[in-house]
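Input: a single structure, listed below in structure tokens.
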Amino acid sequence: MSRGPVHVWLAVGSDDVKVGQLYGHRRRGTESATFQYEPSYLARPGAYAVDPMLPLSSGAFQTPVDLGLFNSFRDSSPDRWGRHLRDRQEKLRAEEAGQVPRQLTELDHLLGVRDDLPKLLAELTLLVHPARQEPLGRVLLEAAASAVAVVATAVGGTPEIFPPAARAARLVPCDDPPALAGAVRELLADPAARTRLGRAARCRVAAAFSADAAAADLVRHYREVLGG
């Protein structure tokens with residue numbers, strides 16, 4: 001069974017550039033993929049290979065026998081938990097329709113990824129994150145970067161993201177439903193407070209969690225480890 005083509009595009013400056021076509025295959029329970037560059041992309045100045053296994057040349061490229069999808073595309077697919085959620089969603093859909101659940105393929109998971117997260121997050125009134133454990137919540141960073149007000153439990157790395165001095169989120173104790181509900185009700189009733197929190201959160205992550213700040217921290221850590 002083969003599926004495709006999936007048209008692959010890149011954002012290059014202000015332009016959307018068509019790079020090529022991706023096809024997925026399943027034979028005897030084993031998945032594989034093929035990819036072919038668009039001739040106009042190969043002729044484009046500054047074109048580059050989108051994967052080490054996909055050098056800039058014409059013709060079709062095939063994944064190795066033990067790889068269902070080229071790694072550059074796998075990087076855009078959901079992680080194991082995301083795949084579990086999509087499999088469960090398919091099971092529920094099939095049960096409601098009285099059908100047998102489909103076995104989702106690598107392409108199914110790839111096409112289920114959204115790359116317009118800032119647009120989606122901007123539609124939120126509030127992000128509530130009642131975790132019992134959270135090393136460093138990426139969803140908290142994403143919401144803060146989108147100026148979404150956050151209510152979260154003060155566990156793990158969350159207070160590092162939103163220290164008290166930043167006044168950038170409403171943190172409540174873990175396993176305290178009344179405190180969580182109270183913070184949510186308060187912010188739902190106060191749009192101005194949500195706006196203040198959202199703006200403060202965006203300033204906080206821009207200052208402390210930018211790519212430049214992360215790179216500087218990493219370099220400093222390496223130097224400390226290497227003793228210089």
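Please note that chains go A, B, ... in the order of the structure tokens, that every chain numbers its residues from 1, and that ligands are numbered from 1 in the order shown.
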Please report, as JSON lines, each residue of stretch 53-156 of chain A lying at most 10 Å from stretch 184-197 of chain A, together with the nearest pair of atoms and the separation in Å rounded to one decimal; use only C-alpha atoms, and order rows by chain and ascending residue number.
{"residue": "A:Thr125", "atom": "CA", "partner": "A:Leu188", "partner_atom": "CA", "distance": 7.7}
{"residue": "A:Leu126", "atom": "CA", "partner": "A:Leu188", "partner_atom": "CA", "distance": 7.7}
{"residue": "A:Leu127", "atom": "CA", "partner": "A:Val184", "partner_atom": "CA", "distance": 9.2}
{"residue": "A:Val128", "atom": "CA", "partner": "A:Val184", "partner_atom": "CA", "distance": 7.7}
{"residue": "A:Ala144", "atom": "CA", "partner": "A:Leu197", "partner_atom": "CA", "distance": 9.0}
{"residue": "A:Ala147", "atom": "CA", "partner": "A:Thr195", "partner_atom": "CA", "distance": 7.7}
{"residue": "A:Val148", "atom": "CA", "partner": "A:Arg194", "partner_atom": "CA", "distance": 7.6}
{"residue": "A:Ala149", "atom": "CA", "partner": "A:Arg194", "partner_atom": "CA", "distance": 5.2}
{"residue": "A:Val150", "atom": "CA", "partner": "A:Leu197", "partner_atom": "CA", "distance": 7.5}
{"residue": "A:Val151", "atom": "CA", "partner": "A:Val184", "partner_atom": "CA", "distance": 6.8}
{"residue": "A:Ala152", "atom": "CA", "partner": "A:Val184", "partner_atom": "CA", "distance": 9.7}
Close residues, A:Asp66 itself excluded, 10 Å, only C-alpha atoms, min 3 positions apart in chain, as a list of chain:residue names: A:Thr30, A:Glu31, A:Ser32, A:Thr63, A:Leu69
Go ahead and compute the interatomic distance for atom CA of A:Gln36 and atom CA of A:Val6, in Å to one decimal.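 We find that atom CA of A:Gln36 and atom CA of A:Val6 lie 10.7 Å from each other.
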Show which residues sit within 9 Å of A:Ala166, as a VMD selection string. Count only C-alpha atoms, and ignore same-chain residues fewer than 3 positions away. chain A and resid 162 to 163 169 200 to 201 204
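When DSSP reads the backbone of this structure, the residues of stretch 20-214 of chain A it assigns to strand (DSSP E or B) are Gly20, Gln21, Leu22, Tyr23, Gly24, His25, Arg26, Arg27, Thr30, Glu31, Ser32, Ala33, Thr34, Phe35, Gln36, Tyr37, Ala60, Phe61, Gln62, Leu127, Val128, His129, Val150, Val151, Ala152, Thr153, Arg170, Leu171 and Val172 of chain A.
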Report, in Å to a single decimal, how far apart atom CA of A:Asp108 and atom CA of A:Asp87 are.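 If I compute the distance from atom CA of A:Asp87 to atom CA of A:Asp108, I get 10.1 Å.
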Could you give me, as a PDB file with N, CA and C atoms, in the first residue's frame, the residues within 7 Å of A:Tyr41, counting only C-alpha atoms and dropping anything in the same chain fewer than 4 positions from it?
ATOM      1  N   LYS A  18       8.207  25.265  -2.761  1.00  0.00           N
ATOM      2  CA  LYS A  18       7.923  23.834  -2.866  1.00  0.00           C
ATOM      3  C   LYS A  18       9.226  23.075  -3.068  1.00  0.00           C
ATOM      4  N   VAL A  19       9.477  22.134  -2.165  1.00  0.00           N
ATOM      5  CA  VAL A  19      10.748  21.408  -2.166  1.00  0.00           C
ATOM      6  C   VAL A  19      10.643  20.083  -2.911  1.00  0.00           C
ATOM      7  N   TYR A  37      12.869  15.491  -5.153  1.00  0.00           N
ATOM      8  CA  TYR A  37      12.921  16.949  -5.165  1.00  0.00           C
ATOM      9  C   TYR A  37      12.157  17.521  -6.357  1.00  0.00           C
ATOM     10  N   ALA A  47      19.605  26.526  -2.682  1.00  0.00           N
ATOM     11  CA  ALA A  47      18.897  25.306  -2.280  1.00  0.00           C
ATOM     12  C   ALA A  47      19.830  24.417  -1.465  1.00  0.00           C
TER      13      ALA A  47
END
Sel. of helix (DSSP H, G or I) residues, stretch 159-208 of chain A, as a PyMOL selection string: chain A and resi 159-161+164-166+177-188+191-208
Closest of A:Val65, A:Leu117, A:Ala179, A:Ala165 to A:Ala143 - atom-to-atom distances counting only C-alpha atoms: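 The answer is A:Leu117, which sits nearest to A:Ala143.
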So how far away is atom CA of A:Pro55 from atom CA of A:Leu42, in Å?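 That distance, rounded to one decimal, is 10.2 Å.
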Taking into account only C-alpha atoms, which residue in the set A:Pro177, A:Pro118, A:Gly156, A:Gly68 is nearest to A:Gly29? A:Gly68
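The nearest approach to A:Gly157 among the residues A:Arg223, A:Arg114, A:Arg132, A:His84, with only C-alpha atoms taken into account, belongs to A:Arg132.
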Pick the closest to A:Gly4 from A:Glu160, A:Asp75, A:Glu96, A:Glu106: which is it, counting only C-alpha atoms?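 Among A:Glu160, A:Asp75, A:Glu96, A:Glu106, it is A:Glu106 that comes nearest to A:Gly4.
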Would you mind listing what lies within 7 Å of A:Arg3 as an NGL selection string, with only C-alpha atoms counted and same-chain residues fewer than 5 positions away left out? :A and (23-25)
Which is closest to A:Arg202 among A:Leu85, A:Pro159, A:Ser146, A:Asp176, if we use only C-alpha atoms?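 The answer is A:Ser146, which sits nearest to A:Arg202.
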From the options A:Leu140, A:Leu107, A:Val100, A:Val205, which residue's atoms come nearest to A:Thr34, counting only C-alpha atoms?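 So, comparing all the options, the nearest one is A:Leu107.
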